[in-house]
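One structure below.
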Amino acid sequence: MFRAPIRSLSTTARQSLRIGLIPADGIGKEVIPAARKAIEALGSDIPKTEFIDLSAGWETFTRTGVALPHETVDILRNECDCALFGSVSSPSRKVVGYSSPIVALRKELDLYANIRPVTSELGQKADIDLIVVRENTECLYVKQETQTVGENGKEARATRVITERASRRIGQMAFELANNRPRKHLTIIHKSNVLSITDGLFRETVRGVPGLVEHSGKYNDVTIAEQLVDSAVYRLFREPEVFDVMVAPNLYGDILSDAAAALVGSLGLIPSINAGDNFVMGEPVHGSAPDIEGKGIANPIASIRSAALMLRHLGYSKGADRLDTAVDAVIREGKILTPDLKGSSSTNDVLEAVLKNL
């Protein structure tokens, strides 16, 4: 796996590292503490760490009536250098007053890019080393829905928002990432043959990034490809090795990254970061997994890898590399694995194995 920061935030004046911890719901309360212990084990490879426990999620909503307390946002914005988010148990039905806290956090902190690397694991034959770059702030996730009653009964509508600004920012992030990888290949995912206005704007804006004056000649070595989202899913399962960096609007990116996780064995392996120009938040791709909550068998690897991605983005590559190398060693040995990887080990067993390899 080729590892490089997306856009390293300045670390020159940072004497300490204040990390907000938001376990939220379900197994988030088990895997985020594991990631904390892994970070603590890095010692002098990163600045002295201070962890701040924060609240958000469905359980917070049921207790207080607010899924994302203002205090959490204020502390993240004013007191933290970065954050780790666990998982959220958003209900599938409409609940008055509730809105997903992770979606809200991305907007509040302007974390416009969700970066999800997916690589081959456990001796798999397929050579998978790709990154899904997902626009994080708009598309259907603006949550503007209405329901009316007409001659056809109930009629529901959702507004889809695609802007030039958001498309350009995510395009720049994707080109920067592709330019720093060996293959230098970027695939733009869209459905502009049907959604010619919204996806058409996304496609045209991303394709236009290399032509911007401020990027003149910078991305000449990046090969640009396009793929309709439905055929991209097909190719992802048939020939995943063709993809290097994929950039997509919010909904497509969400679906593609989860689909890609199936290629490498488990969502419990896949990390991500939510990145903006001034803040970064690590987030394992898996959900809250209520079926295994409290059993002590949640896979902590995605959270530890998310911590590594977060540190690398901040410029602490040495510490990030140590975390990734330790995790890779545990997976490669294949003896201490959680049930999602056909093992029988506990969350703490895997954590201890990672710490031992550190």
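Lettering and numbering for the structure tokens are positional, with chains as A, B, ... in the shown order, residues counted from 1 in each chain, and ligands counted from 1 in the shown order.
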Neighbour list for region 211-219 of chain A as number ranges by chain, cut-off 8 Å, only C-alpha atoms, skip fewer than 5 positions in-chain: A: 175-176, 179
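Using only C-alpha atoms for every distance, the candidate list A:Leu314, A:Leu236, A:Ala166, A:Ile297 yields A:Leu236 as the residue closest to Ala261 (chain A).
Note that the spacing between CA of Arg168 (chain A) and CA of Phe85 (chain A) amounts to 26.2 Å.
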Long-range neighbours of Lys143 (chain A) as a PDB file with N, CA and C atoms, in the first residue's frame, 12 Å cut-off, only C-alpha atoms, 6 positions minimum in chain:
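The resulting file, around04.pdb, is shown below:
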```pdb
ATOM      1  N   LYS A  94     -38.144   8.279  10.321  1.00  0.00           N
ATOM      2  CA  LYS A  94     -38.061   9.684  10.685  1.00  0.00           C
ATOM      3  C   LYS A  94     -38.377   9.858  12.170  1.00  0.00           C
ATOM      4  N   TYR A  98     -34.450  14.758  15.273  1.00  0.00           N
ATOM      5  CA  TYR A  98     -33.165  14.056  15.146  1.00  0.00           C
ATOM      6  C   TYR A  98     -32.564  14.255  13.760  1.00  0.00           C
ATOM      7  N   SER A  99     -31.250  14.468  13.738  1.00  0.00           N
ATOM      8  CA  SER A  99     -30.497  14.521  12.492  1.00  0.00           C
ATOM      9  C   SER A  99     -29.127  13.914  12.752  1.00  0.00           C
ATOM     10  N   SER A 100     -28.592  13.211  11.780  1.00  0.00           N
ATOM     11  CA  SER A 100     -27.326  12.495  11.962  1.00  0.00           C
ATOM     12  C   SER A 100     -26.225  13.432  12.443  1.00  0.00           C
ATOM     13  N   VAL A 103     -23.106  13.691   9.911  1.00  0.00           N
ATOM     14  CA  VAL A 103     -23.382  14.557   8.761  1.00  0.00           C
ATOM     15  C   VAL A 103     -23.307  16.016   9.188  1.00  0.00           C
ATOM     16  N   ALA A 104     -23.875  16.322  10.355  1.00  0.00           N
ATOM     17  CA  ALA A 104     -23.845  17.693  10.858  1.00  0.00           C
ATOM     18  C   ALA A 104     -22.421  18.143  11.182  1.00  0.00           C
ATOM     19  N   THR A 137     -20.313  17.203   1.799  1.00  0.00           N
ATOM     20  CA  THR A 137     -21.176  18.245   2.358  1.00  0.00           C
ATOM     21  C   THR A 137     -22.497  18.453   1.631  1.00  0.00           C
ATOM     22  N   ARG A 157     -40.318  13.965  -2.105  1.00  0.00           N
ATOM     23  CA  ARG A 157     -39.303  14.593  -2.940  1.00  0.00           C
ATOM     24  C   ARG A 157     -38.066  14.918  -2.097  1.00  0.00           C
ATOM     25  N   ALA A 158     -36.914  14.752  -2.723  1.00  0.00           N
ATOM     26  CA  ALA A 158     -35.653  15.113  -2.072  1.00  0.00           C
ATOM     27  C   ALA A 158     -34.880  16.035  -2.998  1.00  0.00           C
ATOM     28  N   THR A 159     -34.315  17.088  -2.447  1.00  0.00           N
ATOM     29  CA  THR A 159     -33.522  18.028  -3.232  1.00  0.00           C
ATOM     30  C   THR A 159     -32.072  17.576  -3.260  1.00  0.00           C
ATOM     31  N   ARG A 160     -31.499  17.539  -4.440  1.00  0.00           N
ATOM     32  CA  ARG A 160     -30.089  17.184  -4.598  1.00  0.00           C
ATOM     33  C   ARG A 160     -29.315  18.443  -4.964  1.00  0.00           C
ATOM     34  N   VAL A 161     -28.295  18.758  -4.177  1.00  0.00           N
ATOM     35  CA  VAL A 161     -27.521  19.972  -4.395  1.00  0.00           C
ATOM     36  C   VAL A 161     -26.093  19.609  -4.795  1.00  0.00           C
ATOM     37  N   LEU A 251     -23.351  10.665  -2.210  1.00  0.00           N
ATOM     38  CA  LEU A 251     -24.071   9.391  -2.158  1.00  0.00           C
ATOM     39  C   LEU A 251     -23.298   8.286  -2.864  1.00  0.00           C
TER      40      LEU A 251
END
```
All alpha helix (DSSP H) positions in region 88-327 of chain A, as JSON, numbers by chain: {"A": [101, 102, 103, 104, 105, 106, 107, 108, 164, 165, 166, 167, 168, 169, 170, 171, 172, 173, 174, 175, 176, 177, 178, 179, 198, 199, 200, 201, 202, 203, 204, 205, 206, 207, 229, 230, 231, 232, 233, 234, 235, 236, 237, 238, 250, 251, 252, 253, 254, 255, 256, 257, 258, 259, 260, 261, 262, 301, 302, 303, 304, 305, 306, 307, 308, 309, 310, 311, 312, 313, 314, 317, 318, 319, 320, 321, 322, 323, 324, 325, 326, 327]}
Polymer residues at most 8 Å from Gln147 (chain A), only C-alpha atoms, same-chain spacing of 5 or more positions, as a PyMOL selection string: chain A and resi 154-157
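Take CA of Thr187 (chain A) and CA of Tyr112 (chain A): the distance between them is 18.7 Å.
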Neighbours of Pro300 (chain A) within 8 Å (only C-alpha atoms; same-chain residues fewer than 3 positions away dropped), as a CSV table (one decimal) with N, CA, C and O atoms, in the first residue's frame?
```
chain,number,residue,atom,x,y,z
A,30,GLU,N,-16.3,1.0,22.1
A,30,GLU,CA,-15.3,0.0,22.3
A,30,GLU,C,-14.1,0.2,21.4
A,30,GLU,O,-13.0,-0.1,21.9
A,31,VAL,N,-14.3,0.6,20.2
A,31,VAL,CA,-13.1,0.8,19.3
A,31,VAL,C,-12.4,2.1,19.4
A,31,VAL,O,-11.2,2.1,19.2
A,32,ILE,N,-13.1,3.1,19.8
A,32,ILE,CA,-12.4,4.4,20.0
A,32,ILE,C,-11.4,4.4,21.2
A,32,ILE,O,-10.3,4.9,21.1
A,34,ALA,N,-9.8,1.8,22.1
A,34,ALA,CA,-8.7,1.1,21.6
A,34,ALA,C,-7.7,1.9,20.7
A,34,ALA,O,-6.5,1.8,20.9
A,35,ALA,N,-8.3,2.8,19.9
A,35,ALA,CA,-7.5,3.7,19.1
A,35,ALA,C,-6.7,4.7,20.0
A,35,ALA,O,-5.6,5.0,19.7
A,268,GLY,N,-14.6,-3.8,9.2
A,268,GLY,CA,-13.8,-3.6,10.3
A,268,GLY,C,-12.4,-3.3,10.0
A,268,GLY,O,-11.6,-3.0,11.0
A,303,SER,N,-10.5,1.6,13.4
A,303,SER,CA,-10.3,2.8,14.2
A,303,SER,C,-8.8,3.1,14.4
A,303,SER,O,-8.5,4.3,14.4
A,304,ILE,N,-8.0,2.1,14.6
A,304,ILE,CA,-6.6,2.3,14.7
A,304,ILE,C,-6.0,2.9,13.4
A,304,ILE,O,-5.2,3.8,13.4
A,347,THR,N,-11.8,-7.8,21.0
A,347,THR,CA,-11.3,-6.5,20.7
A,347,THR,C,-10.0,-6.3,21.4
A,347,THR,O,-9.0,-5.8,20.8
A,350,VAL,N,-6.9,-8.2,20.0
A,350,VAL,CA,-6.3,-7.6,18.8
A,350,VAL,C,-5.6,-6.3,19.2
A,350,VAL,O,-4.4,-6.1,18.7
A,351,LEU,N,-6.1,-5.5,20.1
A,351,LEU,CA,-5.4,-4.3,20.5
A,351,LEU,C,-4.1,-4.7,21.1
A,351,LEU,O,-3.0,-4.0,20.8
```
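Between Gly65 (chain A) and the residues A:Gly97, A:Pro23, A:Gly319, A:Gly171, the shortest atom-to-atom distance, using only C-alpha atoms, involves A:Gly97.
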Shell around region 227-231 of chain A at 10 Å using only C-alpha atoms, local window under 3 positions removed, as a PyMOL selection string: chain A and resi 187-194+234-236+246+248+252-253+255-256
Can you write out the residues you just picked, keeping all heavy atoms, as a tab-separated table (two decimals), in the first residue's frame?
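Writing done, so here's result-v7.tsv:
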```tsv
chain	number	residue	atom	x	y	z
A	187	THR	N	-10.22	8.48	-11.45
A	187	THR	CA	-11.48	8.15	-12.11
A	187	THR	C	-12.60	9.00	-11.52
A	187	THR	O	-12.82	8.97	-10.30
A	187	THR	CB	-11.83	6.66	-11.94
A	187	THR	OG1	-10.75	5.86	-12.42
A	187	THR	CG2	-13.09	6.32	-12.73
A	188	ILE	N	-13.28	9.74	-12.36
A	188	ILE	CA	-14.42	10.56	-11.93
A	188	ILE	C	-15.70	9.73	-12.05
A	188	ILE	O	-16.01	9.21	-13.13
A	188	ILE	CB	-14.54	11.83	-12.80
A	188	ILE	CG1	-13.23	12.62	-12.77
A	188	ILE	CG2	-15.70	12.70	-12.32
A	188	ILE	CD1	-13.18	13.74	-13.79
A	189	ILE	N	-16.41	9.57	-10.94
A	189	ILE	CA	-17.63	8.76	-10.91
A	189	ILE	C	-18.85	9.68	-11.01
A	189	ILE	O	-18.96	10.66	-10.27
A	189	ILE	CB	-17.70	7.94	-9.61
A	189	ILE	CG1	-16.42	7.13	-9.40
A	189	ILE	CG2	-18.93	7.05	-9.62
A	189	ILE	CD1	-16.13	6.12	-10.48
A	190	HIS	N	-19.76	9.34	-11.91
A	190	HIS	CA	-20.95	10.18	-12.09
A	190	HIS	C	-22.05	9.37	-12.77
A	190	HIS	O	-21.87	8.19	-13.09
A	190	HIS	CB	-20.61	11.42	-12.93
A	190	HIS	CG	-20.08	11.09	-14.29
A	190	HIS	ND1	-20.91	10.83	-15.36
A	190	HIS	CD2	-18.81	10.98	-14.76
A	190	HIS	CE1	-20.18	10.57	-16.44
A	190	HIS	NE2	-18.90	10.65	-16.10
A	191	LYS	N	-23.17	10.01	-13.03
A	191	LYS	CA	-24.27	9.43	-13.79
A	191	LYS	C	-24.87	10.52	-14.66
A	191	LYS	O	-26.08	10.73	-14.73
A	191	LYS	CB	-25.33	8.85	-12.82
A	191	LYS	CG	-26.42	8.02	-13.49
A	191	LYS	CD	-25.93	6.72	-14.09
A	191	LYS	CE	-27.09	5.90	-14.65
A	191	LYS	NZ	-26.63	4.68	-15.36
A	192	SER	N	-23.98	11.25	-15.33
A	192	SER	CA	-24.44	12.42	-16.08
A	192	SER	C	-25.18	12.06	-17.36
A	192	SER	O	-25.76	12.94	-17.99
A	192	SER	CB	-23.25	13.34	-16.40
A	192	SER	OG	-22.30	12.67	-17.18
A	193	ASN	N	-25.19	10.78	-17.74
A	193	ASN	CA	-26.03	10.38	-18.87
A	193	ASN	C	-27.51	10.46	-18.52
A	193	ASN	O	-28.37	10.55	-19.39
A	193	ASN	CB	-25.67	8.98	-19.35
A	193	ASN	CG	-25.85	7.93	-18.27
A	193	ASN	OD1	-25.65	8.20	-17.09
A	193	ASN	ND2	-26.22	6.72	-18.67
A	194	VAL	N	-27.83	10.43	-17.22
A	194	VAL	CA	-29.21	10.57	-16.75
A	194	VAL	C	-29.37	11.89	-16.01
A	194	VAL	O	-30.29	12.67	-16.31
A	194	VAL	CB	-29.59	9.40	-15.81
A	194	VAL	CG1	-30.99	9.61	-15.24
A	194	VAL	CG2	-29.52	8.08	-16.57
A	234	TYR	N	-19.87	-2.47	-10.89
A	234	TYR	CA	-19.61	-3.73	-11.59
A	234	TYR	C	-18.11	-3.98	-11.74
A	234	TYR	O	-17.59	-5.05	-11.41
A	234	TYR	CB	-20.28	-3.69	-12.97
A	234	TYR	CG	-19.99	-4.90	-13.83
A	234	TYR	CD1	-20.70	-6.08	-13.66
A	234	TYR	CD2	-19.00	-4.85	-14.81
A	234	TYR	CE1	-20.43	-7.20	-14.45
A	234	TYR	CE2	-18.73	-5.95	-15.60
A	234	TYR	CZ	-19.44	-7.12	-15.41
A	234	TYR	OH	-19.17	-8.22	-16.20
A	235	ARG	N	-17.39	-2.96	-12.19
A	235	ARG	CA	-15.96	-3.11	-12.40
A	235	ARG	C	-15.21	-3.26	-11.08
A	235	ARG	O	-14.17	-3.92	-11.01
A	235	ARG	CB	-15.40	-1.93	-13.18
A	235	ARG	CG	-15.90	-1.81	-14.60
A	235	ARG	CD	-15.08	-0.82	-15.40
A	235	ARG	NE	-13.78	-1.37	-15.77
A	235	ARG	CZ	-12.80	-0.65	-16.32
A	235	ARG	NH1	-12.98	0.66	-16.51
A	235	ARG	NH2	-11.67	-1.20	-16.65
A	236	LEU	N	-15.75	-2.65	-10.03
A	236	LEU	CA	-15.13	-2.74	-8.72
A	236	LEU	C	-15.07	-4.20	-8.26
A	236	LEU	O	-14.09	-4.63	-7.65
A	236	LEU	CB	-15.92	-1.91	-7.71
A	236	LEU	CG	-15.26	-1.57	-6.38
A	236	LEU	CD1	-13.95	-0.82	-6.58
A	236	LEU	CD2	-16.21	-0.72	-5.54
A	246	MET	N	-10.59	7.26	-6.87
A	246	MET	CA	-11.93	7.49	-7.39
A	246	MET	C	-12.51	8.71	-6.68
A	246	MET	O	-12.42	8.80	-5.45
A	246	MET	CB	-12.83	6.27	-7.14
A	246	MET	CG	-12.25	4.95	-7.61
A	246	MET	SD	-13.18	3.51	-7.00
A	246	MET	CE	-14.62	3.55	-8.09
A	248	ALA	N	-16.05	11.07	-6.19
A	248	ALA	CA	-17.48	10.93	-6.42
A	248	ALA	C	-18.28	11.89	-5.56
A	248	ALA	O	-17.83	12.31	-4.49
A	248	ALA	CB	-17.91	9.49	-6.11
A	252	TYR	N	-22.80	8.55	-4.07
A	252	TYR	CA	-22.06	7.53	-4.80
A	252	TYR	C	-20.81	7.11	-4.03
A	252	TYR	O	-20.46	5.93	-3.96
A	252	TYR	CB	-21.62	8.04	-6.18
A	252	TYR	CG	-22.73	8.52	-7.08
A	252	TYR	CD1	-22.45	9.37	-8.15
A	252	TYR	CD2	-24.05	8.13	-6.89
A	252	TYR	CE1	-23.45	9.83	-8.99
A	252	TYR	CE2	-25.06	8.59	-7.72
A	252	TYR	CZ	-24.76	9.44	-8.78
A	252	TYR	OH	-25.73	9.90	-9.60
A	253	GLY	N	-20.13	8.07	-3.44
A	253	GLY	CA	-18.92	7.77	-2.69
A	253	GLY	C	-19.20	6.90	-1.48
A	253	GLY	O	-18.42	6.01	-1.14
A	255	ILE	N	-21.68	4.71	-1.14
A	255	ILE	CA	-21.99	3.36	-1.60
A	255	ILE	C	-20.74	2.64	-2.12
A	255	ILE	O	-20.48	1.49	-1.78
A	255	ILE	CB	-23.07	3.41	-2.70
A	255	ILE	CG1	-24.39	3.92	-2.12
A	255	ILE	CG2	-23.26	2.03	-3.35
A	255	ILE	CD1	-25.45	4.25	-3.15
A	256	LEU	N	-19.94	3.32	-2.91
A	256	LEU	CA	-18.75	2.70	-3.49
A	256	LEU	C	-17.74	2.28	-2.44
A	256	LEU	O	-17.13	1.21	-2.54
A	256	LEU	CB	-18.09	3.66	-4.48
A	256	LEU	CG	-18.76	3.80	-5.84
A	256	LEU	CD1	-18.16	4.98	-6.60
A	256	LEU	CD2	-18.61	2.51	-6.66
```
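Inside region 155-269 of chain A, the residues DSSP reads as strand (DSSP E) when given the backbone are Glu155, Ala156, Arg157, Ala158, His185, Leu186, Thr187, Ile188, Ile189, His190, Thr223, Ile224, Ala225, Glu226, Gln227, Leu228, Val245, Met246, Val247 and Ala248 of chain A.
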Saved selection, atoms kept: N, CA, C and O atoms, as a PDB file, in the first residue's frame:
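And here is the file that came out, result-v4.pdb:
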```pdb
ATOM      1  N   GLU A 155     -46.577  11.615  -1.993  1.00  0.00           N
ATOM      2  CA  GLU A 155     -45.502  11.923  -2.934  1.00  0.00           C
ATOM      3  C   GLU A 155     -44.340  12.540  -2.159  1.00  0.00           C
ATOM      4  O   GLU A 155     -44.488  13.561  -1.500  1.00  0.00           O
ATOM      5  N   ALA A 156     -43.175  11.872  -2.207  1.00  0.00           N
ATOM      6  CA  ALA A 156     -41.987  12.334  -1.482  1.00  0.00           C
ATOM      7  C   ALA A 156     -40.966  12.890  -2.472  1.00  0.00           C
ATOM      8  O   ALA A 156     -40.755  12.331  -3.550  1.00  0.00           O
ATOM      9  N   ARG A 157     -40.318  13.965  -2.105  1.00  0.00           N
ATOM     10  CA  ARG A 157     -39.303  14.593  -2.940  1.00  0.00           C
ATOM     11  C   ARG A 157     -38.066  14.918  -2.097  1.00  0.00           C
ATOM     12  O   ARG A 157     -38.183  15.305  -0.946  1.00  0.00           O
ATOM     13  N   ALA A 158     -36.914  14.752  -2.723  1.00  0.00           N
ATOM     14  CA  ALA A 158     -35.653  15.113  -2.072  1.00  0.00           C
ATOM     15  C   ALA A 158     -34.880  16.035  -2.998  1.00  0.00           C
ATOM     16  O   ALA A 158     -34.792  15.789  -4.212  1.00  0.00           O
ATOM     17  N   HIS A 185      -3.497   8.049 -11.313  1.00  0.00           N
ATOM     18  CA  HIS A 185      -4.699   7.785 -12.105  1.00  0.00           C
ATOM     19  C   HIS A 185      -5.936   8.177 -11.314  1.00  0.00           C
ATOM     20  O   HIS A 185      -6.101   7.784 -10.167  1.00  0.00           O
ATOM     21  N   LEU A 186      -6.805   8.974 -11.925  1.00  0.00           N
ATOM     22  CA  LEU A 186      -8.012   9.464 -11.258  1.00  0.00           C
ATOM     23  C   LEU A 186      -9.244   9.124 -12.086  1.00  0.00           C
ATOM     24  O   LEU A 186      -9.302   9.431 -13.279  1.00  0.00           O
ATOM     25  N   THR A 187     -10.218   8.477 -11.453  1.00  0.00           N
ATOM     26  CA  THR A 187     -11.484   8.150 -12.113  1.00  0.00           C
ATOM     27  C   THR A 187     -12.597   8.995 -11.515  1.00  0.00           C
ATOM     28  O   THR A 187     -12.824   8.973 -10.296  1.00  0.00           O
ATOM     29  N   ILE A 188     -13.284   9.737 -12.355  1.00  0.00           N
ATOM     30  CA  ILE A 188     -14.419  10.565 -11.934  1.00  0.00           C
ATOM     31  C   ILE A 188     -15.695   9.729 -12.048  1.00  0.00           C
ATOM     32  O   ILE A 188     -16.015   9.214 -13.130  1.00  0.00           O
ATOM     33  N   ILE A 189     -16.412   9.574 -10.940  1.00  0.00           N
ATOM     34  CA  ILE A 189     -17.626   8.762 -10.906  1.00  0.00           C
ATOM     35  C   ILE A 189     -18.845   9.678 -11.008  1.00  0.00           C
ATOM     36  O   ILE A 189     -18.962  10.664 -10.273  1.00  0.00           O
ATOM     37  N   HIS A 190     -19.759   9.339 -11.906  1.00  0.00           N
ATOM     38  CA  HIS A 190     -20.953  10.181 -12.091  1.00  0.00           C
ATOM     39  C   HIS A 190     -22.048   9.374 -12.772  1.00  0.00           C
ATOM     40  O   HIS A 190     -21.866   8.189 -13.088  1.00  0.00           O
ATOM     41  N   THR A 223      -3.509  10.796 -15.121  1.00  0.00           N
ATOM     42  CA  THR A 223      -4.425  10.294 -16.145  1.00  0.00           C
ATOM     43  C   THR A 223      -5.856  10.383 -15.627  1.00  0.00           C
ATOM     44  O   THR A 223      -6.149   9.929 -14.522  1.00  0.00           O
ATOM     45  N   ILE A 224      -6.737  10.988 -16.423  1.00  0.00           N
ATOM     46  CA  ILE A 224      -8.134  11.171 -16.018  1.00  0.00           C
ATOM     47  C   ILE A 224      -9.024  10.183 -16.762  1.00  0.00           C
ATOM     48  O   ILE A 224      -8.968  10.070 -17.988  1.00  0.00           O
ATOM     49  N   ALA A 225      -9.834   9.452 -16.002  1.00  0.00           N
ATOM     50  CA  ALA A 225     -10.813   8.537 -16.577  1.00  0.00           C
ATOM     51  C   ALA A 225     -12.179   8.875 -16.008  1.00  0.00           C
ATOM     52  O   ALA A 225     -12.294   9.619 -15.024  1.00  0.00           O
ATOM     53  N   GLU A 226     -13.225   8.339 -16.614  1.00  0.00           N
ATOM     54  CA  GLU A 226     -14.583   8.518 -16.122  1.00  0.00           C
ATOM     55  C   GLU A 226     -15.283   7.176 -16.067  1.00  0.00           C
ATOM     56  O   GLU A 226     -14.954   6.260 -16.818  1.00  0.00           O
ATOM     57  N   GLN A 227     -16.255   7.057 -15.164  1.00  0.00           N
ATOM     58  CA  GLN A 227     -17.018   5.821 -15.067  1.00  0.00           C
ATOM     59  C   GLN A 227     -18.407   6.141 -14.547  1.00  0.00           C
ATOM     60  O   GLN A 227     -18.553   6.872 -13.554  1.00  0.00           O
ATOM     61  N   LEU A 228     -19.436   5.639 -15.222  1.00  0.00           N
ATOM     62  CA  LEU A 228     -20.789   5.760 -14.696  1.00  0.00           C
ATOM     63  C   LEU A 228     -20.876   4.947 -13.418  1.00  0.00           C
ATOM     64  O   LEU A 228     -20.281   3.873 -13.302  1.00  0.00           O
ATOM     65  N   VAL A 245      -7.403   6.186  -7.720  1.00  0.00           N
ATOM     66  CA  VAL A 245      -8.168   7.153  -6.942  1.00  0.00           C
ATOM     67  C   VAL A 245      -9.504   7.364  -7.632  1.00  0.00           C
ATOM     68  O   VAL A 245      -9.554   7.591  -8.847  1.00  0.00           O
ATOM     69  N   MET A 246     -10.586   7.260  -6.869  1.00  0.00           N
ATOM     70  CA  MET A 246     -11.935   7.488  -7.390  1.00  0.00           C
ATOM     71  C   MET A 246     -12.508   8.706  -6.678  1.00  0.00           C
ATOM     72  O   MET A 246     -12.424   8.802  -5.450  1.00  0.00           O
ATOM     73  N   VAL A 247     -13.093   9.625  -7.423  1.00  0.00           N
ATOM     74  CA  VAL A 247     -13.714  10.793  -6.807  1.00  0.00           C
ATOM     75  C   VAL A 247     -15.187  10.821  -7.187  1.00  0.00           C
ATOM     76  O   VAL A 247     -15.541  10.600  -8.341  1.00  0.00           O
ATOM     77  N   ALA A 248     -16.050  11.069  -6.189  1.00  0.00           N
ATOM     78  CA  ALA A 248     -17.482  10.930  -6.423  1.00  0.00           C
ATOM     79  C   ALA A 248     -18.278  11.893  -5.561  1.00  0.00           C
ATOM     80  O   ALA A 248     -17.828  12.309  -4.490  1.00  0.00           O
TER      81      ALA A 248
END
```
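Across the structure, CA of Ser196 (chain A) and CA of Glu138 (chain A) are spaced 17.1 Å apart.
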Neighbour list for Ile22 (chain A) as a list in words, cut-off 8 Å, only C-alpha atoms, skip fewer than 2 positions in-chain: Gly20, Ala24, Ile32, Asp53, Leu54, Ser55, Ala56, Ala83, Leu84, Phe85 and Gly86 of chain A
